[in-house]
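Structure file my_file-v9.tsv with TSV, C-alpha atoms:
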```
chain	number	residue	atom	x	y	z
A	1	MET	CA	1.55	-12.47	-48.72
A	2	ILE	CA	0.76	-9.60	-46.38
A	3	GLU	CA	3.37	-7.00	-45.46
A	4	LEU	CA	3.30	-4.51	-42.62
A	5	LYS	CA	5.74	-1.71	-41.91
A	6	PHE	CA	6.17	0.48	-38.84
A	7	ASN	CA	8.58	3.19	-37.70
A	8	ILE	CA	9.85	3.25	-34.12
A	9	GLU	CA	11.45	6.21	-32.39
A	10	GLY	CA	14.14	5.62	-29.80
A	11	GLY	CA	13.06	6.64	-26.30
A	12	ASP	CA	9.36	6.84	-27.21
A	13	PHE	CA	7.81	4.61	-24.56
A	14	ASP	CA	4.33	6.03	-25.08
A	15	ARG	CA	4.17	4.44	-28.50
A	16	ALA	CA	6.40	1.39	-28.00
A	17	GLY	CA	4.24	-1.67	-28.53
A	18	THR	CA	1.93	-0.19	-31.15
A	19	ALA	CA	3.61	-2.14	-33.96
A	20	SER	CA	3.07	-5.37	-32.01
A	21	SER	CA	-0.50	-4.39	-31.25
A	22	GLU	CA	-1.30	-3.62	-34.91
A	23	THR	CA	0.42	-6.83	-36.01
A	24	LYS	CA	-1.63	-8.83	-33.51
A	25	LYS	CA	-4.87	-7.44	-34.96
A	26	VAL	CA	-3.85	-8.44	-38.49
A	27	LEU	CA	-2.72	-11.94	-37.43
A	28	LYS	CA	-6.05	-12.46	-35.66
A	29	GLN	CA	-7.95	-11.41	-38.78
A	30	LEU	CA	-5.92	-13.97	-40.73
A	31	ASN	CA	-7.14	-16.68	-38.32
A	32	ILE	CA	-3.64	-17.80	-37.43
A	33	ASP	CA	-3.34	-20.21	-34.47
A	34	PRO	CA	-3.57	-18.11	-31.25
A	35	LYS	CA	-0.47	-19.89	-29.86
A	36	VAL	CA	1.56	-18.77	-32.89
A	37	ILE	CA	0.15	-15.25	-32.60
A	38	LYS	CA	1.18	-15.06	-28.96
A	39	ARG	CA	4.73	-16.27	-29.67
A	40	ALA	CA	5.10	-13.80	-32.52
A	41	VAL	CA	3.71	-10.72	-30.80
A	42	VAL	CA	5.54	-11.34	-27.52
A	43	ALA	CA	8.86	-11.64	-29.39
A	44	LEU	CA	8.03	-8.68	-31.61
A	45	TYR	CA	7.13	-6.58	-28.59
A	46	GLU	CA	10.42	-7.47	-26.87
A	47	ALA	CA	12.29	-6.40	-30.02
A	48	GLU	CA	10.25	-3.22	-30.30
A	49	VAL	CA	10.94	-2.31	-26.67
A	50	ASN	CA	14.65	-2.95	-27.33
A	51	ILE	CA	14.64	-0.36	-30.11
A	52	ALA	CA	12.79	2.16	-27.93
A	53	ALA	CA	15.21	1.42	-25.08
A	54	HIS	CA	18.53	1.39	-26.92
A	55	ALA	CA	18.38	2.77	-30.48
A	56	TYR	CA	17.77	6.18	-32.08
A	57	ARG	CA	15.14	4.92	-34.50
A	58	GLY	CA	14.13	1.77	-36.28
A	59	ILE	CA	11.94	0.17	-38.91
A	60	VAL	CA	9.84	-2.95	-38.35
A	61	LYS	CA	8.75	-5.07	-41.29
A	62	VAL	CA	6.44	-8.02	-40.80
A	63	SER	CA	5.48	-10.33	-43.64
A	64	VAL	CA	2.98	-13.14	-43.37
A	65	SER	CA	2.78	-15.99	-45.85
A	66	ASP	CA	0.67	-19.15	-45.71
A	67	HIS	CA	3.13	-20.96	-43.44
A	68	GLN	CA	5.25	-18.41	-41.63
A	69	ILE	CA	5.59	-14.93	-40.12
A	70	VAL	CA	8.86	-13.13	-40.75
A	71	ALA	CA	9.71	-10.05	-38.69
A	72	ILE	CA	12.72	-7.87	-39.49
A	73	LEU	CA	13.63	-5.02	-37.14
A	74	LYS	CA	16.41	-2.75	-38.34
A	75	ASP	CA	17.62	0.07	-36.14
A	76	GLU	CA	20.10	2.91	-36.20
A	77	GLY	CA	21.79	2.96	-32.83
A	78	PRO	CA	24.82	2.08	-30.78
A	79	GLY	CA	24.70	-1.58	-31.83
A	80	ILE	CA	25.59	-4.57	-29.67
A	81	ALA	CA	29.28	-5.04	-28.94
A	82	ASP	CA	29.05	-8.66	-27.79
A	83	ILE	CA	25.98	-10.50	-29.08
A	84	ASP	CA	26.78	-13.76	-27.24
A	85	ARG	CA	26.82	-11.87	-23.98
A	86	ALA	CA	23.61	-10.01	-24.86
A	87	MET	CA	21.91	-13.40	-25.39
A	88	LEU	CA	22.61	-14.41	-21.79
A	89	GLU	CA	19.66	-14.23	-19.41
A	90	GLY	CA	20.13	-11.36	-16.99
A	91	PHE	CA	22.66	-9.39	-19.02
A	92	SER	CA	21.42	-5.85	-19.58
A	93	THR	CA	22.74	-2.41	-20.45
A	94	ALA	CA	19.35	-0.71	-20.01
A	95	SER	CA	19.10	2.73	-18.44
A	96	PRO	CA	17.40	3.38	-15.07
A	97	LYS	CA	14.49	4.96	-17.00
A	98	VAL	CA	13.94	1.75	-18.96
A	99	ARG	CA	14.10	-0.30	-15.76
A	100	GLU	CA	11.49	1.96	-14.15
A	101	MET	CA	9.17	1.04	-17.00
A	102	GLY	CA	9.47	-2.62	-15.96
A	103	PHE	CA	12.03	-3.69	-18.55
A	104	GLY	CA	15.80	-4.03	-18.73
A	105	ALA	CA	16.02	-7.29	-16.83
A	106	GLY	CA	18.19	-8.92	-19.47
A	107	MET	CA	15.38	-11.20	-20.62
A	108	GLY	CA	14.47	-9.66	-23.97
A	109	LEU	CA	16.77	-11.44	-26.40
A	110	PRO	CA	16.53	-14.80	-24.57
A	111	ASN	CA	12.73	-14.50	-24.66
A	112	MET	CA	12.79	-13.68	-28.37
A	113	LYS	CA	14.91	-16.80	-28.92
A	114	LYS	CA	12.46	-18.89	-26.89
A	115	ASN	CA	9.43	-17.69	-28.85
A	116	ALA	CA	10.83	-17.62	-32.40
A	117	ASP	CA	11.59	-20.68	-34.52
A	118	GLU	CA	14.58	-18.81	-35.87
A	119	LEU	CA	16.39	-15.74	-34.55
A	120	GLN	CA	19.23	-13.90	-36.27
A	121	VAL	CA	20.93	-10.90	-34.70
A	122	GLU	CA	23.45	-8.87	-36.68
A	123	SER	CA	25.02	-5.76	-35.28
A	124	THR	CA	27.68	-3.20	-36.10
A	125	PRO	CA	28.76	-1.16	-33.08
A	126	GLY	CA	28.22	2.53	-33.78
A	127	GLU	CA	25.79	1.86	-36.62
A	128	GLY	CA	22.93	-0.36	-35.54
A	129	THR	CA	21.35	-3.74	-35.16
A	130	THR	CA	19.15	-5.91	-37.34
A	131	VAL	CA	17.02	-8.64	-35.83
A	132	LYS	CA	15.25	-11.24	-37.95
A	133	MET	CA	12.72	-13.63	-36.46
A	134	ILE	CA	10.79	-16.40	-38.16
A	135	PHE	CA	7.68	-18.05	-36.75
A	136	ASP	CA	6.47	-21.18	-38.52
A	137	PHE	CA	2.92	-22.45	-38.51
B	138	MET	CA	-3.13	-36.15	-3.67
B	139	VAL	CA	-5.61	-34.42	-5.94
B	140	LYS	CA	-5.11	-30.70	-6.10
B	141	ILE	CA	-8.37	-28.78	-6.18
B	142	LEU	CA	-8.18	-25.72	-8.35
B	143	ASN	CA	-10.37	-22.90	-7.14
B	144	LYS	CA	-11.59	-20.19	-9.41
B	145	MET	CA	-12.31	-16.71	-8.11
B	146	LYS	CA	-14.71	-14.15	-9.47
B	147	ILE	CA	-13.57	-10.58	-10.10
B	148	GLU	CA	-16.29	-9.31	-7.76
B	149	LYS	CA	-14.87	-11.50	-4.96
B	150	ILE	CA	-11.39	-10.05	-5.55
B	151	ILE	CA	-12.82	-6.53	-5.35
B	152	GLN	CA	-14.59	-7.36	-2.09
B	153	LEU	CA	-11.52	-9.02	-0.51
B	154	LEU	CA	-9.13	-6.22	-1.41
B	155	ASP	CA	-11.33	-3.21	-0.69
B	156	ALA	CA	-10.81	-2.49	-4.35
B	157	LYS	CA	-12.47	-0.50	-7.11
B	158	ILE	CA	-13.05	-1.55	-10.70
B	159	VAL	CA	-12.07	1.24	-13.10
B	160	CYS	CA	-12.49	-0.55	-16.41
B	161	GLY	CA	-14.35	-3.64	-17.63
B	162	GLN	CA	-17.33	-3.50	-15.24
B	163	HIS	CA	-19.28	-5.84	-17.51
B	164	ARG	CA	-16.75	-8.63	-16.80
B	165	ILE	CA	-17.21	-8.51	-13.03
B	166	SER	CA	-18.53	-12.09	-12.97
B	167	ASP	CA	-15.55	-13.49	-14.92
B	168	GLU	CA	-13.63	-16.20	-13.05
B	169	ILE	CA	-9.86	-16.37	-12.69
B	170	LEU	CA	-7.77	-19.43	-11.95
B	171	ASN	CA	-4.26	-18.05	-11.42
B	172	ALA	CA	-2.49	-14.89	-10.40
B	173	PHE	CA	1.03	-13.56	-10.84
B	174	SER	CA	2.55	-10.61	-8.96
B	175	SER	CA	5.31	-8.56	-10.56
B	176	ASP	CA	6.53	-5.07	-11.30
B	177	LEU	CA	8.85	-6.54	-13.90
B	178	MET	CA	7.18	-6.69	-17.31
B	179	SER	CA	10.19	-8.64	-18.62
B	180	ASP	CA	9.11	-11.50	-16.34
B	181	VAL	CA	5.46	-11.19	-17.30
B	182	LEU	CA	6.45	-11.58	-20.95
B	183	THR	CA	8.02	-14.97	-20.22
B	184	LEU	CA	4.81	-16.48	-18.80
B	185	ASP	CA	3.20	-19.30	-20.71
B	186	ALA	CA	-0.19	-19.10	-19.01
B	187	GLU	CA	-3.16	-17.09	-20.17
B	188	ASN	CA	-6.25	-15.63	-18.53
B	189	ILE	CA	-4.40	-14.84	-15.35
B	190	LEU	CA	-4.70	-11.91	-12.98
B	191	LEU	CA	-1.60	-9.72	-13.10
B	192	ILE	CA	-0.94	-7.96	-9.81
B	193	THR	CA	1.37	-4.99	-10.21
B	194	GLY	CA	2.28	-1.68	-8.60
B	195	LEU	CA	3.51	-0.30	-11.89
B	196	VAL	CA	1.30	2.16	-13.75
B	197	ASN	CA	2.30	3.09	-17.28
B	198	VAL	CA	1.10	2.40	-20.79
B	199	GLN	CA	3.51	-0.53	-21.10
B	200	ILE	CA	1.65	-2.62	-18.50
B	201	ILE	CA	-1.32	-2.52	-20.88
B	202	ARG	CA	0.84	-3.29	-23.94
B	203	THR	CA	2.52	-6.13	-22.07
B	204	ALA	CA	-0.85	-7.54	-21.00
B	205	GLU	CA	-2.12	-7.20	-24.55
B	206	VAL	CA	0.66	-9.24	-26.16
B	207	ALA	CA	0.75	-11.74	-23.28
B	208	GLU	CA	-3.04	-12.33	-23.50
B	209	ILE	CA	-3.66	-11.12	-19.96
B	210	HIS	CA	-7.10	-9.57	-19.52
B	211	TYR	CA	-7.19	-8.84	-15.80
B	212	LEU	CA	-4.92	-6.35	-14.01
B	213	LEU	CA	-4.90	-5.47	-10.34
B	214	ILE	CA	-3.07	-2.24	-9.51
B	215	VAL	CA	-1.87	-2.17	-5.90
B	216	ARG	CA	-0.32	0.37	-3.48
B	217	ASN	CA	-3.24	2.79	-3.99
B	218	LYS	CA	-1.97	3.87	-7.41
B	219	LYS	CA	-4.50	5.57	-9.65
B	220	VAL	CA	-4.52	4.68	-13.31
B	221	PRO	CA	-4.53	7.80	-15.54
B	222	ASP	CA	-7.50	8.27	-17.89
B	223	ASP	CA	-5.54	7.67	-21.10
B	224	ILE	CA	-4.35	4.28	-19.80
B	225	VAL	CA	-7.88	3.35	-18.67
B	226	GLU	CA	-9.08	4.32	-22.16
B	227	LEU	CA	-6.49	2.06	-23.82
B	228	ALA	CA	-7.42	-0.85	-21.51
B	229	ASN	CA	-11.07	-0.23	-22.32
B	230	THR	CA	-10.52	-0.48	-26.08
B	231	LEU	CA	-8.73	-3.80	-25.46
B	232	ASN	CA	-11.65	-5.09	-23.34
B	233	MET	CA	-9.49	-5.50	-20.22
B	234	VAL	CA	-10.48	-5.41	-16.57
B	235	LEU	CA	-8.60	-2.92	-14.37
B	236	ILE	CA	-8.93	-2.98	-10.58
B	237	GLU	CA	-7.31	-0.59	-8.08
B	238	SER	CA	-6.62	-1.63	-4.49
B	239	PRO	CA	-5.15	0.43	-1.64
B	240	TYR	CA	-3.30	-2.66	-0.35
B	241	SER	CA	0.39	-3.41	-0.87
B	242	MET	CA	1.40	-6.09	-3.36
B	243	PHE	CA	2.33	-8.43	-0.49
B	244	LYS	CA	-0.96	-7.94	1.36
B	245	ALA	CA	-3.13	-8.21	-1.77
B	246	SER	CA	-1.29	-11.34	-2.95
B	247	GLY	CA	-1.45	-12.88	0.54
B	248	ILE	CA	-5.20	-12.34	0.90
B	249	LEU	CA	-5.95	-13.78	-2.54
B	250	TYR	CA	-3.68	-16.78	-1.93
B	251	ALA	CA	-5.24	-17.42	1.50
B	252	ASN	CA	-8.67	-17.35	-0.12
B	253	GLY	CA	-7.74	-20.01	-2.64
B	254	LEU	CA	-6.52	-18.18	-5.76
B	255	ASN	CA	-3.78	-20.30	-7.31
B	256	PRO	CA	-0.21	-19.21	-7.94
B	257	LEU	CA	1.12	-19.69	-11.44
B	258	TYR	CA	4.25	-21.48	-10.25
```
Would you write the structure of this file as structure tokens?
Amino acid sequence: MIELKFNIEGGDFDRAGTASSETKKVLKQLNIDPKVIKRAVVALYEAEVNIAAHAYRGIVKVSVSDHQIVAILKDEGPGIADIDRAMLEGFSTASPKVREMGFGAGMGLPNMKKNADELQVESTPGEGTTVKMIFDF
Amino acid sequence: MVKILNKMKIEKIIQLLDAKIVCGQHRISDEILNAFSSDLMSDVLTLDAENILLITGLVNVQIIRTAEVAEIHYLLIVRNKKVPDDIVELANTLNMVLIESPYSMFKASGILYANGLNPLY
């Protein structure tokens, strides 16, 4: 079992994506199927960008066993008031700054759901959000 | 009807678009099958295809990160935008090809399409 841990700062778009990038390198070294790697890092990147876009800070933990990748992203932030609505394609509360970066189209959570075999989102408004994704291989 | 899929070399793209390669010169003979134009990285992240040319007018570090996770190795920057050195450096470490063209996204896409480069959808 391999475990990786990264810290993410809210609003830091210069570094957003580095956790996904580092994770990709490790998954490649482990010779995991490239299709699984792509699903995992695309979903992880979406989740990472969400923390940079919406939260104050967050921690990413990725663990890799012989049959699955588990990613847990826990943030301190405003939380999600209505998760069902946030899961809808096109629903977004992103700032103009985030949209200028090419994000905030309301596709992040739906795309994470599409790429992960399992997605759990738990959130407490005013405290933060925890996202858990599982990728089987 | 049989659809013939044309591939296009990077050097041909450069010639057609009055463009300049700023990173990945050694891959100038690589061939591309499909292209996708977007300033919306959220859309790029939903693509299932790989080895495509991404045509964008957006220049920031996240276009490189997006391309990295989406397995896109070829980026065409339109509207005469210049890619800053630190972004070129990052693309270089990831073995990507970066091309800059003075043309608009519409004109660049139109010329490549007219010359046989395939759309993704």
Would you tabulate, counting all atoms listed in the file, all residues of chain B that have an atom at most 6 Å from an atom of chain A, showing the closest pair of atoms and their distance in Å to one decimal, sorted by chain then ascending number, as JSON lines?
```
{"residue": "B:Leu177", "atom": "CA", "partner": "A:Gly102", "partner_atom": "CA", "distance": 4.5}
{"residue": "B:Met178", "atom": "CA", "partner": "A:Gly102", "partner_atom": "CA", "distance": 4.9}
{"residue": "B:Ser179", "atom": "CA", "partner": "A:Phe103", "partner_atom": "CA", "distance": 5.3}
{"residue": "B:Arg202", "atom": "CA", "partner": "A:Gly17", "partner_atom": "CA", "distance": 5.9}
{"residue": "B:Val206", "atom": "CA", "partner": "A:Val42", "partner_atom": "CA", "distance": 5.5}
```
Using only C-alpha atoms, which protein or nucleic acid residues come within 10 Å of A:Phe137? Drop anything in the same chain fewer than 5 positions from it, and give the result as a VMD selection string. chain A and resid 32 to 33 35 to 37 65 to 69 117
Min atom-atom distance to A:Gly77 from the set A:Ile134, A:Leu30, A:Ile51, A:Val64, counting all atoms listed in the file, belongs to A:Ile51
Applying 8 Å and all atoms listed in the file, which residues near A:Val60 remain after dropping the ones on its own chain fewer than 2 positions away? List them as a list of chain:residue names.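 The residues satisfying every condition are A:Leu4, A:Lys5, A:Phe6, A:Asn7, A:Ile8, A:Ala19, A:Gly58, A:Val62, A:Ala71, A:Ile72, A:Leu73, A:Lys74.
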Using all atoms listed in the file, list the residues that have an atom at most 7 Å from (24.4, 2.6, -32.0), coordinates as in the file, as a PyMOL selection string. chain A and resi 55+76-79+125-128
Please save C-alpha atoms of the selected residues as a PDB file, keeping the file's coordinate frame.
```pdb
ATOM      1  CA  ALA A  55      18.380   2.770 -30.480  1.00  0.00           C
ATOM      2  CA  GLU A  76      20.100   2.910 -36.200  1.00  0.00           C
ATOM      3  CA  GLY A  77      21.790   2.960 -32.830  1.00  0.00           C
ATOM      4  CA  PRO A  78      24.820   2.080 -30.780  1.00  0.00           C
ATOM      5  CA  GLY A  79      24.700  -1.580 -31.830  1.00  0.00           C
ATOM      6  CA  PRO A 125      28.760  -1.160 -33.080  1.00  0.00           C
ATOM      7  CA  GLY A 126      28.220   2.530 -33.780  1.00  0.00           C
ATOM      8  CA  GLU A 127      25.790   1.860 -36.620  1.00  0.00           C
ATOM      9  CA  GLY A 128      22.930  -0.360 -35.540  1.00  0.00           C
TER      10      GLY A 128
END
```
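Straight-line separation from atom CA of B:Leu182 to atom CA of B:Thr203: 6.8 Å.
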My list of candidates is A:Val70, A:Ala81, A:Gly10, A:Pro96. Which is closest to A:Leu119 when distances are computed with all atoms listed in the file?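 Counting all atoms listed in the file, the residue closest to A:Leu119 is A:Val70.
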List the spatial neighbours of B:Asp222 as number ranges by chain - criterion: any atom at most 12 Å away, only C-alpha atoms, same-chain residues fewer than 3 positions off excluded. B: 159-160, 196-198, 219, 225-229, 235
With all atoms listed in the file as the counted atoms, please give the residues lying no more than 12 Å from B:Ala245, apart from itself and same-chain residues fewer than 3 positions off, as a VMD selection string. chain B and resid 150 to 156 172 to 174 190 to 194 213 to 217 236 to 242 248 to 252 254
Provide the atom CA of A:Asp82 to atom CA of A:Ala47 distance in Å, to one decimal place.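 Result for atom CA of A:Asp82 versus atom CA of A:Ala47: 17.1 Å, one decimal.
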Provide an axis-aligned box for all listed atoms of stretch 205-219 of chain B, padding each side by 6 Å; report its centre and its edge lengths in Å to one decimal, as AutoDock Vina command-line options.
```
--center_x -3.2 --center_y -3.4 --center_z -14.8 --size_x 19.9 --size_y 29.9 --size_z 34.7
```
Nearest to A:Glu3, chosen from A:Lys61, A:His54, A:Lys28, A:Arg85, with only C-alpha atoms counted in the distances: A:Lys61
Find the residue from B:Thr183, B:Asn188, B:Gln162, B:Asn232 that sits nearest to A:Glu89; use all atoms listed in the file when measuring. B:Thr183
Within 6 Å of B:Asn171, counting all atoms listed in the file, which residues show up once you throw out same-chain ones fewer than 4 positions away? Write them as a PyMOL selection string, please. chain B and resi 189+255-257
